[in-house]
file query_33.txt (compact mmCIF, C-alpha atoms)
# COMPACT_ATOMS: atom_id res chain seq x y z
CA MET A 11 113.18 101.04 65.05
CA GLU A 12 113.69 100.09 68.69
CA LYS A 13 114.19 96.45 69.58
CA CYS A 14 113.58 94.35 72.70
CA ASP A 15 113.00 90.73 73.63
CA VAL A 16 109.41 91.22 74.77
CA LEU A 17 107.10 94.17 74.16
CA ILE A 18 104.14 94.35 76.54
CA ILE A 19 101.08 96.44 75.74
CA GLY A 20 99.64 97.71 79.03
CA GLY A 21 101.12 98.38 82.45
CA GLY A 22 98.35 96.95 84.63
CA PRO A 23 98.82 93.94 86.96
CA SER A 24 98.99 91.41 84.12
CA GLY A 25 101.64 93.34 82.22
CA SER A 26 103.66 94.18 85.31
CA VAL A 27 103.79 90.65 86.72
CA ALA A 28 104.70 89.20 83.33
CA ALA A 29 107.43 91.83 83.01
CA CYS A 30 108.86 90.99 86.44
CA LYS A 31 109.05 87.29 85.60
CA LEU A 32 110.67 87.95 82.22
CA LEU A 33 113.16 90.43 83.66
CA ASN A 34 114.15 88.02 86.41
CA ALA A 35 114.87 85.48 83.66
CA GLY A 36 117.25 87.92 81.95
CA PHE A 37 115.13 89.22 79.05
CA SER A 38 114.68 92.85 78.04
CA VAL A 39 111.14 94.21 78.34
CA THR A 40 109.48 97.35 76.99
CA ILE A 41 106.03 98.29 78.31
CA LEU A 42 103.83 100.68 76.33
CA GLU A 43 101.11 102.18 78.54
CA LYS A 44 98.55 104.64 77.18
CA LEU A 45 97.84 106.34 80.52
CA ASP A 46 99.89 107.95 83.24
CA PHE A 47 99.97 106.15 86.58
CA PRO A 48 98.45 106.19 89.10
CA ARG A 49 95.09 105.98 87.34
CA PHE A 50 91.65 104.98 88.62
CA VAL A 51 90.16 101.57 87.79
CA ILE A 52 87.62 99.35 89.54
CA GLY A 53 88.21 95.71 90.43
CA GLU A 54 89.72 96.32 93.86
CA SER A 55 89.13 93.02 95.62
CA LEU A 56 91.81 90.34 95.29
CA LEU A 57 91.69 86.58 95.95
CA PRO A 58 94.19 84.39 97.83
CA ARG A 59 95.39 82.86 94.56
CA CYS A 60 96.76 86.33 93.73
CA ASN A 61 98.97 86.18 96.82
CA GLN A 62 100.41 82.86 95.70
CA ILE A 63 101.36 84.26 92.29
CA LEU A 64 102.80 87.44 93.83
CA ASP A 65 104.81 85.26 96.20
CA GLU A 66 106.15 83.13 93.34
CA ASN A 67 107.41 86.30 91.65
CA ASP A 68 109.02 87.83 94.78
CA LEU A 69 106.40 90.57 94.95
CA ILE A 70 104.38 89.60 98.02
CA ASN A 71 106.63 91.42 100.51
CA THR A 72 106.26 94.61 98.48
CA ILE A 73 102.47 94.28 98.49
CA GLU A 74 102.30 93.39 102.19
CA SER A 75 104.35 96.49 103.02
CA GLN A 76 101.59 98.74 101.58
CA ASN A 77 99.33 97.98 104.59
CA TYR A 78 96.30 97.19 102.47
CA MET A 79 93.13 95.94 104.15
CA VAL A 80 93.41 92.17 104.66
CA LYS A 81 90.54 90.32 102.97
CA GLY A 82 89.53 87.19 104.84
CA GLY A 83 86.60 86.20 102.69
CA ALA A 84 83.16 87.20 101.45
CA ILE A 85 79.83 87.77 103.16
CA PHE A 86 76.72 87.14 101.09
CA ILE A 87 73.70 89.10 102.36
CA ASN A 88 70.12 88.72 101.21
CA GLU A 89 67.17 91.12 101.25
CA GLU A 90 66.22 90.09 104.80
CA LYS A 91 69.74 90.80 106.11
CA LYS A 92 70.55 87.11 106.49
CA GLU A 93 74.31 86.64 106.16
CA GLN A 94 76.42 83.75 104.91
CA TYR A 95 80.17 83.95 105.55
CA ILE A 96 82.67 82.36 103.17
CA ASP A 97 85.98 82.26 105.06
CA PHE A 98 88.91 81.81 102.68
CA ARG A 99 90.92 80.12 105.44
CA ASN A 100 88.43 77.24 105.45
CA ASN A 101 89.86 75.90 102.19
CA LEU A 102 91.20 72.58 100.90
CA GLY A 103 94.66 73.04 102.38
CA GLN A 104 95.97 75.84 100.19
CA LYS A 105 98.70 77.98 101.75
CA TRP A 106 97.05 81.33 101.23
CA GLY A 107 93.76 81.89 103.05
CA THR A 108 93.59 85.68 102.85
CA SER A 109 94.21 88.40 100.31
CA PHE A 110 93.82 92.18 100.10
CA GLN A 111 91.32 94.93 99.35
CA VAL A 112 93.28 97.44 97.28
CA LYS A 113 92.78 100.76 95.58
CA ARG A 114 93.80 99.76 92.10
CA GLU A 115 95.43 103.09 91.33
CA GLU A 116 97.84 102.32 94.19
CA PHE A 117 98.20 98.56 93.68
CA ASP A 118 98.79 98.76 89.93
CA ASN A 119 101.33 101.52 90.38
CA VAL A 120 103.27 99.53 93.00
CA LEU A 121 103.52 96.56 90.61
CA LEU A 122 104.57 98.73 87.68
CA GLU A 123 107.22 100.45 89.81
CA SER A 124 108.51 96.99 90.78
CA ALA A 125 108.91 96.16 87.09
CA LYS A 126 110.75 99.45 86.54
CA LYS A 127 113.16 98.66 89.37
CA LEU A 128 113.97 95.35 87.69
CA GLY A 129 114.79 97.16 84.47
CA ALA A 130 111.57 97.42 82.46
CA ASP A 131 111.56 100.26 79.92
CA VAL A 132 108.14 101.75 80.65
CA ARG A 133 106.76 104.32 78.20
CA HIS A 134 103.67 106.21 79.35
CA GLY A 135 101.43 108.05 76.92
CA TYR A 136 101.97 105.57 74.08
CA GLU A 137 98.95 104.38 72.09
CA VAL A 138 99.47 101.31 69.91
CA MET A 139 98.20 102.03 66.40
CA ALA A 140 99.22 98.97 64.36
CA TYR A 141 100.75 95.51 64.63
CA ASP A 142 102.66 93.72 61.87
CA ASN A 143 102.44 90.10 62.95
CA ASP A 144 104.81 88.85 60.22
CA LYS A 145 107.64 91.10 61.42
CA ASN A 146 106.44 91.30 65.04
CA GLN A 147 106.53 95.07 64.85
CA ILE A 148 104.40 97.51 66.78
CA THR A 149 103.64 101.05 65.65
CA ALA A 150 102.76 103.43 68.47
CA LYS A 151 102.01 107.15 68.85
CA ASP A 152 103.14 109.12 71.88
CA ARG A 153 101.10 111.91 73.45
CA GLU A 154 102.88 114.52 71.31
CA GLY A 155 101.78 112.68 68.18
CA ASN A 156 105.20 111.27 67.33
CA ILE A 157 105.21 107.83 65.68
CA GLN A 158 107.58 105.20 67.06
CA GLU A 159 108.17 101.66 65.81
CA PHE A 160 109.21 98.72 67.96
CA GLU A 161 110.36 95.25 67.01
CA ALA A 162 110.19 92.43 69.53
CA ARG A 163 110.91 88.75 69.62
CA PHE A 164 107.54 88.38 71.31
CA VAL A 165 104.54 90.69 71.84
CA LEU A 166 102.24 90.33 74.85
CA ASP A 167 98.93 92.20 74.92
CA ALA A 168 98.06 92.95 78.54
CA SER A 169 95.97 96.00 77.65
CA GLY A 170 92.94 95.03 79.75
CA TYR A 171 89.70 96.71 78.72
CA GLY A 172 91.63 98.42 75.89
CA ARG A 173 91.87 95.02 74.14
CA VAL A 174 94.42 96.37 71.65
CA LEU A 175 95.39 93.27 69.65
CA PRO A 176 91.86 91.79 69.68
CA LYS A 177 90.69 94.99 67.95
CA LEU A 178 93.64 95.23 65.55
CA MET A 179 93.52 91.52 64.64
CA ASP A 180 89.73 90.99 64.73
CA LEU A 181 89.94 88.53 67.61
CA ASP A 182 86.93 89.76 69.61
CA ILE A 183 83.77 87.67 69.83
CA PRO A 184 80.59 88.39 71.81
CA SER A 185 80.52 87.02 75.34
CA ASP A 186 77.86 84.43 76.06
CA LEU A 187 77.20 86.18 79.37
CA LYS A 188 74.41 88.75 79.44
CA LEU A 189 75.63 92.32 79.23
CA ARG A 190 75.33 94.13 82.53
CA ASN A 191 76.10 97.56 83.91
CA ALA A 192 78.29 98.36 86.88
CA ILE A 193 77.40 101.62 88.62
CA PHE A 194 79.86 102.62 91.33
CA THR A 195 81.36 105.23 93.61
CA ARG A 196 83.47 105.53 96.75
CA VAL A 197 82.16 106.48 100.17
CA LYS A 198 83.28 107.07 103.72
CA GLY A 199 81.54 106.92 107.07
CA GLU A 200 79.53 103.71 106.59
CA PHE A 201 79.05 101.22 109.41
CA ARG A 202 81.85 98.61 109.50
CA ARG A 203 82.21 95.25 111.21
CA ASP A 204 84.68 94.63 114.00
CA GLY A 205 87.90 92.61 113.95
CA ASP A 206 88.86 90.36 111.04
CA ALA A 207 85.38 90.66 109.54
CA GLU A 208 86.01 94.32 108.71
CA GLY A 209 88.05 93.29 105.69
CA PHE A 210 85.50 90.85 104.21
CA ILE A 211 83.84 91.93 100.99
CA ASP A 212 80.03 92.28 101.18
CA ILE A 213 78.09 90.85 98.24
CA VAL A 214 74.54 92.05 98.73
CA ILE A 215 71.58 90.48 96.92
CA HIS A 216 68.87 92.93 95.87
CA ASP A 217 65.36 92.52 94.49
CA ASP A 218 65.35 88.74 94.12
CA ASN A 219 68.81 88.75 92.55
CA GLN A 220 67.92 91.21 89.79
CA ALA A 221 70.80 93.27 91.10
CA TRP A 222 73.66 92.78 93.52
CA LEU A 223 76.09 95.13 95.19
CA TRP A 224 79.72 95.00 96.25
CA VAL A 225 81.08 96.72 99.35
CA ILE A 226 84.89 96.74 99.48
CA PRO A 227 86.50 98.39 102.54
CA PHE A 228 89.94 100.00 102.30
CA SER A 229 92.43 100.47 105.12
CA ASP A 230 92.21 104.28 104.93
CA GLY A 231 88.54 104.23 105.98
CA THR A 232 87.09 104.69 102.51
CA THR A 233 85.04 102.09 100.66
CA SER A 234 84.35 101.04 97.08
CA PHE A 235 80.65 100.53 96.54
CA GLY A 236 78.86 99.45 93.37
CA VAL A 237 75.69 97.91 91.98
CA VAL A 238 75.56 95.42 89.10
CA CYS A 239 72.44 94.74 87.04
CA GLU A 240 71.21 94.20 83.52
CA GLU A 241 70.95 97.46 81.61
CA GLU A 242 67.17 97.21 81.24
CA TYR A 243 66.75 96.92 85.01
CA PHE A 244 68.51 100.29 85.33
CA THR A 245 67.03 102.11 82.34
CA LYS A 246 63.40 101.16 83.01
CA THR A 247 63.51 103.16 86.26
CA GLY A 248 64.04 106.34 84.25
CA LEU A 249 66.44 107.52 86.94
CA SER A 250 69.88 109.01 86.61
CA LYS A 251 72.71 106.74 87.73
CA GLU A 252 73.03 108.84 90.91
CA ALA A 253 69.33 108.61 91.75
CA PHE A 254 69.23 104.90 90.88
CA PHE A 255 72.18 104.27 93.18
CA ASP A 256 70.48 106.07 96.09
CA LYS A 257 67.20 104.25 95.48
CA VAL A 258 68.85 100.82 95.65
CA ILE A 259 70.36 101.76 99.02
CA SER A 260 67.10 103.10 100.45
CA ASP A 261 65.14 100.04 99.27
CA HIS A 262 67.42 97.46 100.94
CA LYS A 263 67.21 96.87 104.71
CA TYR A 264 70.91 96.09 105.16
CA LEU A 265 72.23 98.82 102.88
CA LYS A 266 69.96 101.49 104.33
CA GLU A 267 71.34 100.85 107.80
CA LYS A 268 74.95 100.37 106.73
CA PHE A 269 75.13 103.59 104.69
CA GLU A 270 72.86 105.75 106.85
CA LYS A 271 75.74 108.08 107.83
CA ALA A 272 77.94 107.55 104.77
CA GLU A 273 78.80 110.19 102.20
CA LYS A 274 79.99 109.84 98.64
CA ILE A 275 83.54 111.04 98.05
CA ALA A 276 83.68 110.36 94.31
CA PRO A 277 81.31 110.89 91.37
CA VAL A 278 79.03 107.98 90.49
CA GLY A 279 80.47 106.21 87.46
CA ILE A 280 79.12 103.55 85.10
CA ILE A 281 80.60 100.82 82.92
CA ASN A 282 78.28 99.36 80.31
CA GLY A 283 78.39 95.81 78.98
CA TYR A 284 81.70 94.79 80.49
CA SER A 285 81.83 91.05 79.58
CA ALA A 286 84.18 90.12 76.72
CA ALA A 287 85.47 87.01 74.93
CA ILE A 288 88.15 86.09 72.41
CA LYS A 289 88.70 83.82 69.37
CA LYS A 290 92.17 82.75 70.50
CA MET A 291 94.69 83.70 73.17
CA TYR A 292 97.87 83.33 71.16
CA GLY A 293 99.45 83.22 67.72
CA LYS A 294 102.84 83.31 66.06
CA GLY A 295 105.00 85.60 68.18
CA PHE A 296 102.19 87.01 70.31
CA ALA A 297 99.82 86.19 73.15
CA LEU A 298 97.08 87.87 75.17
CA SER A 299 96.76 87.94 78.95
CA GLY A 300 94.39 89.34 81.56
CA ASN A 301 91.24 91.17 80.48
CA ALA A 302 92.60 91.35 76.94
CA THR A 303 91.45 87.71 76.71
CA GLU A 304 88.16 87.29 78.57
CA PHE A 305 86.39 89.25 81.25
CA LEU A 306 83.53 87.42 82.92
CA ASP A 307 81.81 89.31 85.72
CA PRO A 308 82.88 91.12 88.90
CA VAL A 309 80.73 89.06 91.28
CA PHE A 310 83.51 86.73 92.48
CA SER A 311 86.40 89.21 92.06
CA SER A 312 88.01 86.94 89.48
CA GLY A 313 89.39 89.69 87.24
CA VAL A 314 92.79 90.33 88.84
CA THR A 315 93.18 86.64 89.67
CA LEU A 316 92.77 85.63 86.02
CA ALA A 317 95.03 88.52 85.00
CA LEU A 318 97.84 87.40 87.30
CA GLU A 319 97.36 83.70 86.54
CA SER A 320 97.52 84.30 82.80
CA SER A 321 100.50 86.65 83.02
CA ASN A 322 102.42 84.24 85.23
CA LYS A 323 101.72 81.32 82.90
CA VAL A 324 102.30 83.23 79.65
CA ALA A 325 105.63 84.65 80.88
CA GLU A 326 106.76 81.15 81.80
CA LEU A 327 105.99 79.96 78.26
CA ILE A 328 107.56 83.02 76.60
CA ILE A 329 110.76 82.31 78.52
CA LYS A 330 110.79 78.74 77.22
CA GLU A 331 110.13 79.80 73.65
CA LEU A 332 112.81 82.51 73.67
CA LYS A 333 115.26 79.93 75.01
CA GLY A 334 114.52 77.75 71.99
CA GLU A 335 112.35 75.20 73.79
CA LYS A 336 109.22 73.84 72.13
CA VAL A 337 105.98 75.22 73.57
CA ASP A 338 102.52 73.77 73.03
CA TRP A 339 100.63 77.05 73.34
CA GLN A 340 97.22 75.42 72.95
CA LYS A 341 97.69 72.84 75.67
CA ASP A 342 99.95 74.72 78.06
CA TYR A 343 98.31 78.13 77.83
CA GLU A 344 94.85 78.39 76.31
CA ASP A 345 93.54 75.00 77.46
CA TYR A 346 95.05 75.56 80.90
CA MET A 347 93.54 79.02 81.27
CA MET A 348 90.14 77.85 80.04
CA ILE A 349 89.94 75.31 82.88
CA GLY A 350 89.84 78.11 85.44
CA ILE A 351 87.85 80.52 83.28
CA ASN A 352 85.15 77.91 82.71
CA VAL A 353 84.88 77.10 86.42
CA PHE A 354 84.40 80.78 87.22
CA ARG A 355 81.99 81.09 84.26
CA GLU A 356 79.77 78.29 85.57
CA PHE A 357 79.77 79.87 89.03
CA VAL A 358 78.74 83.19 87.43
CA TYR A 359 75.90 81.46 85.54
CA ALA A 360 74.80 79.72 88.73
CA TRP A 361 74.90 82.99 90.64
CA TYR A 362 72.55 84.79 88.25
CA GLU A 363 70.30 81.75 87.97
CA GLY A 364 69.86 81.78 91.76
CA LYS A 365 71.44 78.36 92.26
CA LEU A 366 74.40 79.55 94.30
CA ARG A 367 72.10 81.54 96.52
CA LYS A 368 70.37 78.30 97.46
CA ILE A 369 73.71 76.59 98.10
CA PHE A 370 75.27 79.44 100.07
CA PHE A 371 72.29 79.89 102.38
CA SER A 372 71.61 76.18 102.87
CA ALA A 373 72.25 74.82 106.35
CA HIS A 374 72.85 71.32 104.98
CA LYS A 375 76.23 71.64 103.26
CA SER A 376 78.93 69.19 104.29
CA GLU A 377 82.25 70.52 105.56
CA LYS A 378 83.91 69.26 102.36
CA ILE A 379 81.47 71.18 100.20
CA GLN A 380 82.00 74.33 102.26
CA GLN A 381 85.77 73.99 101.88
CA SER A 382 85.41 73.35 98.15
CA ILE A 383 83.30 76.50 97.73
CA SER A 384 85.77 78.52 99.76
CA SER A 385 88.65 77.30 97.60
CA ILE A 386 86.83 78.16 94.37
CA LEU A 387 85.99 81.65 95.63
CA SER A 388 89.64 81.97 96.74
CA GLY A 389 90.67 81.59 93.10
CA TYR A 390 91.94 78.00 93.25
CA VAL A 391 89.94 77.03 90.18
CA TRP A 392 92.68 74.80 88.71
CA ASP A 393 92.80 72.40 91.68
CA GLU A 394 91.41 69.16 90.29
CA ASN A 395 91.02 67.79 93.81
CA ASN A 396 88.19 70.30 94.22
CA TYR A 397 84.71 68.82 93.82
CA PHE A 398 83.62 71.69 91.55
CA VAL A 399 86.55 71.93 89.13
CA LYS A 400 85.42 69.12 86.82
CA ASP A 401 81.83 68.95 85.48
CA THR A 402 81.11 72.19 87.35
CA ARG A 403 77.58 72.79 86.10
CA GLN A 404 76.43 69.22 86.69
CA LYS A 405 77.78 69.24 90.24
CA ILE A 406 76.17 72.56 91.07
CA ASP A 407 72.86 71.30 89.69
CA ALA A 408 73.16 68.04 91.63
CA LEU A 409 73.83 69.92 94.86
CA VAL A 410 70.87 72.23 94.30
CA SER A 411 68.62 69.21 93.68
CA MET A 412 69.77 67.63 96.94
CA ILE A 413 69.09 70.86 98.83
CA GLU A 414 65.64 71.22 97.29
call {"tool": "encode", "arguments": {"input": "query_33.txt", "output": "structure tokens"}}
result
Amino acid sequence: MEKCDVLIIGGGPSGSVAACKLLNAGFSVTILEKLDFPRFVIGESLLPRCNQILDENDLINTIESQNYMVKGGAIFINEEKKEQYIDFRNNLGQKWGTSFQVKREEFDNVLLESAKKLGADVRHGYEVMAYDNDKNQITAKDREGNIQEFEARFVLDASGYGRVLPKLMDLDIPSDLKLRNAIFTRVKGEFRRDGDAEGFIDIVIHDDNQAWLWVIPFSDGTTSFGVVCEEEYFTKTGLSKEAFFDKVISDHKYLKEKFEKAEKIAPVGIINGYSAAIKKMYGKGFALSGNATEFLDPVFSSGVTLALESSNKVAELIIKELKGEKVDWQKDYEDYMMIGINVFREFVYAWYEGKLRKIFFSAHKSEKIQQSISSILSGYVWDENNYFVKDTRQKIDALVSMIE
């Protein structure tokens, strides 16, 4: 039986940032990661709020030194090639007005290596098989099939899409978001914008919002490119995922021009029904962070932001608890996280309902509203000075009514 202060399941961004914070506070950390790094994963577009959290944990210089593509904002593009820029620098006074476009296999590995340098005991090839909540013991199997037991003062599940503890403890619940597919690849040779605009993410509306596409440029000249739609929209075409992908490009004026000379450099992949939800984010001696809690939708690149926000907050509370301080996990963790999650959720609803399209492309938004939107899409969804953070749905609806 091996012992540590905190055992973290998963070595992605959420697990790594939590580990760095805990290690800097003097606690021992073991990370069990099923896969070897670097490993491929989508979700490559970060938000400025990520930079703030990385900065707070003395990681921003390490990330900046990787020369990732600087992301200045998002460009929403409709079927007629009309563009609406959201510049993250036009915010409500937040320090960070840019972020990065990153290959996650590189970004995640850099963060995990940072945790290793601080002293994290990282075990690759370990699959968690069981969790004894009463004893706070984890049973794991390594890639050779050997069984190892670990006992921790606290267990943090940062397993992402693996959702280890939710499965072992029956914590999963269906998401109230419609299940959608993400079909994706990487390309090179597409047309790119000049100057600062090169690093903006494209969010391309297709077929009256029945599908949308992301275009994420990397600094090495390659690009992540994917289409998101309800499964029925894809399956009713009768096409393979490769043929469907090509058809969406050829049917859209902007995409057809942008990718005229591009070539795929990776197989076309698909993720089915990615949205997930949870009964609770914590319990006696354990907590969940990142995508092990909730995953909403990729449209506003909120995944890594919520992962880093939750890991930063949960590590802060673990430190307090291990020091013998009283922690109100409901108020200080779950309720706090749900503020931001619910803001993003309402923006996701409004996106698929077509409401945000009306707002984004309206010429009658005040400067304050534009700054508020920019701050939300920058990941500052806990700023109560923002017009949209409280009563989000009602305020979106009111704004749409004014525009109409």
call {"tool": "atom_distance", "arguments": {"input": "query_33.txt", "atom1": "atom CA of A:Gly364", "atom2": "atom CA of A:Ile406"}}
result
11.2 Å
call {"tool": "atom_distance", "arguments": {"input": "query_33.txt", "atom1": "atom CA of A:Pro58", "atom2": "atom CA of A:Asn119"}}
result
20.0 Å
call {"tool": "closest_atom_pairs", "arguments": {"input": "query_33.txt", "of": "stretch 134-222 of chain A", "to": "stretch 244-265 of chain A", "cutoff": "12 Å", "atoms": "all atoms listed in the file", "output": "JSON lines"}}
result
{"residue": "A:Arg190", "atom": "CA", "partner": "A:Phe244", "partner_atom": "CA", "distance": 9.6}
{"residue": "A:Asn191", "atom": "CA", "partner": "A:Phe244", "partner_atom": "CA", "distance": 8.2}
{"residue": "A:Ala192", "atom": "CA", "partner": "A:Phe244", "partner_atom": "CA", "distance": 10.1}
{"residue": "A:Ile193", "atom": "CA", "partner": "A:Lys251", "partner_atom": "CA", "distance": 7.0}
{"residue": "A:Phe194", "atom": "CA", "partner": "A:Phe255", "partner_atom": "CA", "distance": 8.1}
{"residue": "A:Thr195", "atom": "CA", "partner": "A:Phe255", "partner_atom": "CA", "distance": 9.2}
{"residue": "A:Arg196", "atom": "CA", "partner": "A:Phe255", "partner_atom": "CA", "distance": 11.9}
{"residue": "A:Glu200", "atom": "CA", "partner": "A:Leu265", "partner_atom": "CA", "distance": 9.5}
{"residue": "A:Phe201", "atom": "CA", "partner": "A:Leu265", "partner_atom": "CA", "distance": 9.7}
{"residue": "A:Arg202", "atom": "CA", "partner": "A:Leu265", "partner_atom": "CA", "distance": 11.7}
{"residue": "A:Asp212", "atom": "CA", "partner": "A:Leu265", "partner_atom": "CA", "distance": 10.3}
{"residue": "A:Ile213", "atom": "CA", "partner": "A:Leu265", "partner_atom": "CA", "distance": 10.9}
{"residue": "A:Val214", "atom": "CA", "partner": "A:Leu265", "partner_atom": "CA", "distance": 8.3}
{"residue": "A:Ile215", "atom": "CA", "partner": "A:His262", "partner_atom": "CA", "distance": 9.1}
{"residue": "A:His216", "atom": "CA", "partner": "A:His262", "partner_atom": "CA", "distance": 7.0}
{"residue": "A:Asp217", "atom": "CA", "partner": "A:His262", "partner_atom": "CA", "distance": 8.4}
{"residue": "A:Asp218", "atom": "CA", "partner": "A:His262", "partner_atom": "CA", "distance": 11.3}
{"residue": "A:Gln220", "atom": "CA", "partner": "A:Phe244", "partner_atom": "CA", "distance": 10.1}
{"residue": "A:Ala221", "atom": "CA", "partner": "A:Val258", "partner_atom": "CA", "distance": 9.0}
{"residue": "A:Trp222", "atom": "CA", "partner": "A:Val258", "partner_atom": "CA", "distance": 9.6}
call {"tool": "closest_residue", "arguments": {"input": "query_33.txt", "among": "A:Leu102, A:Val238, A:Ile19, A:Ala162", "to": "A:Ser388", "atoms": "all atoms listed in the file"}}
result
A:Leu102
call {"tool": "axis_aligned_box", "arguments": {"input": "query_33.txt", "around": "stretch 293-299 of chain A", "padding_each_side": "6 Å", "output": "lines of an AutoDock Vina configuration file"}}
result
center_x = 100.9
center_y = 85.6
center_z = 72.5
size_x = 20.2
size_y = 16.7
size_z = 24.9
call {"tool": "atom_distance", "arguments": {"input": "query_33.txt", "atom1": "atom CA of A:Ala28", "atom2": "atom CA of A:Arg114"}}
result
17.5 Å
call {"tool": "residues_around", "arguments": {"input": "query_33.txt", "residues": "A:Lys400", "least_positions_apart": "5", "cutoff": "9 Å", "atoms": "only C-alpha atoms", "output": "list of chain:residue names"}}
result
A:Ile349, A:Val353, A:Glu394, A:Lys405
call {"tool": "closest_residue", "arguments": {"input": "query_33.txt", "among": "A:Arg173, A:Asn156, A:Lys375, A:Tyr397", "to": "A:Met412", "atoms": "only C-alpha atoms"}}
result
A:Lys375
call {"tool": "residues_around", "arguments": {"input": "query_33.txt", "residues": "A:Ile148", "least_positions_apart": "6", "cutoff": "9 Å", "atoms": "all atoms listed in the file", "output": "PyMOL selection string"}}
result
chain A and resi 17+138-142+158-162+165
call {"tool": "closest_residue", "arguments": {"input": "query_33.txt", "among": "A:Asn71, A:Lys81, A:Ile379, A:Leu33", "to": "A:Lys127", "atoms": "all atoms listed in the file"}}
result
A:Leu33
call {"tool": "residues_around", "arguments": {"input": "query_33.txt", "residues": "stretch 382-386 of chain A", "least_positions_apart": "2", "cutoff": "7 Å", "atoms": "only C-alpha atoms", "output": "list in words"}}
result
Ile96, Asp97, Phe98, Asn100, Asn101, Leu102, Lys378, Ile379, Gln380, Ser388, Gly389, Tyr390, Val391, Asn396 and Tyr397 of chain A
call {"tool": "residues_near_point", "arguments": {"input": "query_33.txt", "point": "(79.4, 94.3, 81.7)", "cutoff": "9 Å", "atoms": "all atoms listed in the file", "output": "VMD selection string"}}
result
chain A and resid 187 to 192 238 to 240 281 to 286 305 to 308
call {"tool": "residues_around", "arguments": {"input": "query_33.txt", "residues": "stretch 230-236 of chain A", "least_positions_apart": "2", "cutoff": "10 Å", "atoms": "all atoms listed in the file", "output": "PyMOL selection string"}}
result
chain A and resi 52-55+77-79+111-113+192-200+202+211-213+222-228+238+255+272-276+278-280
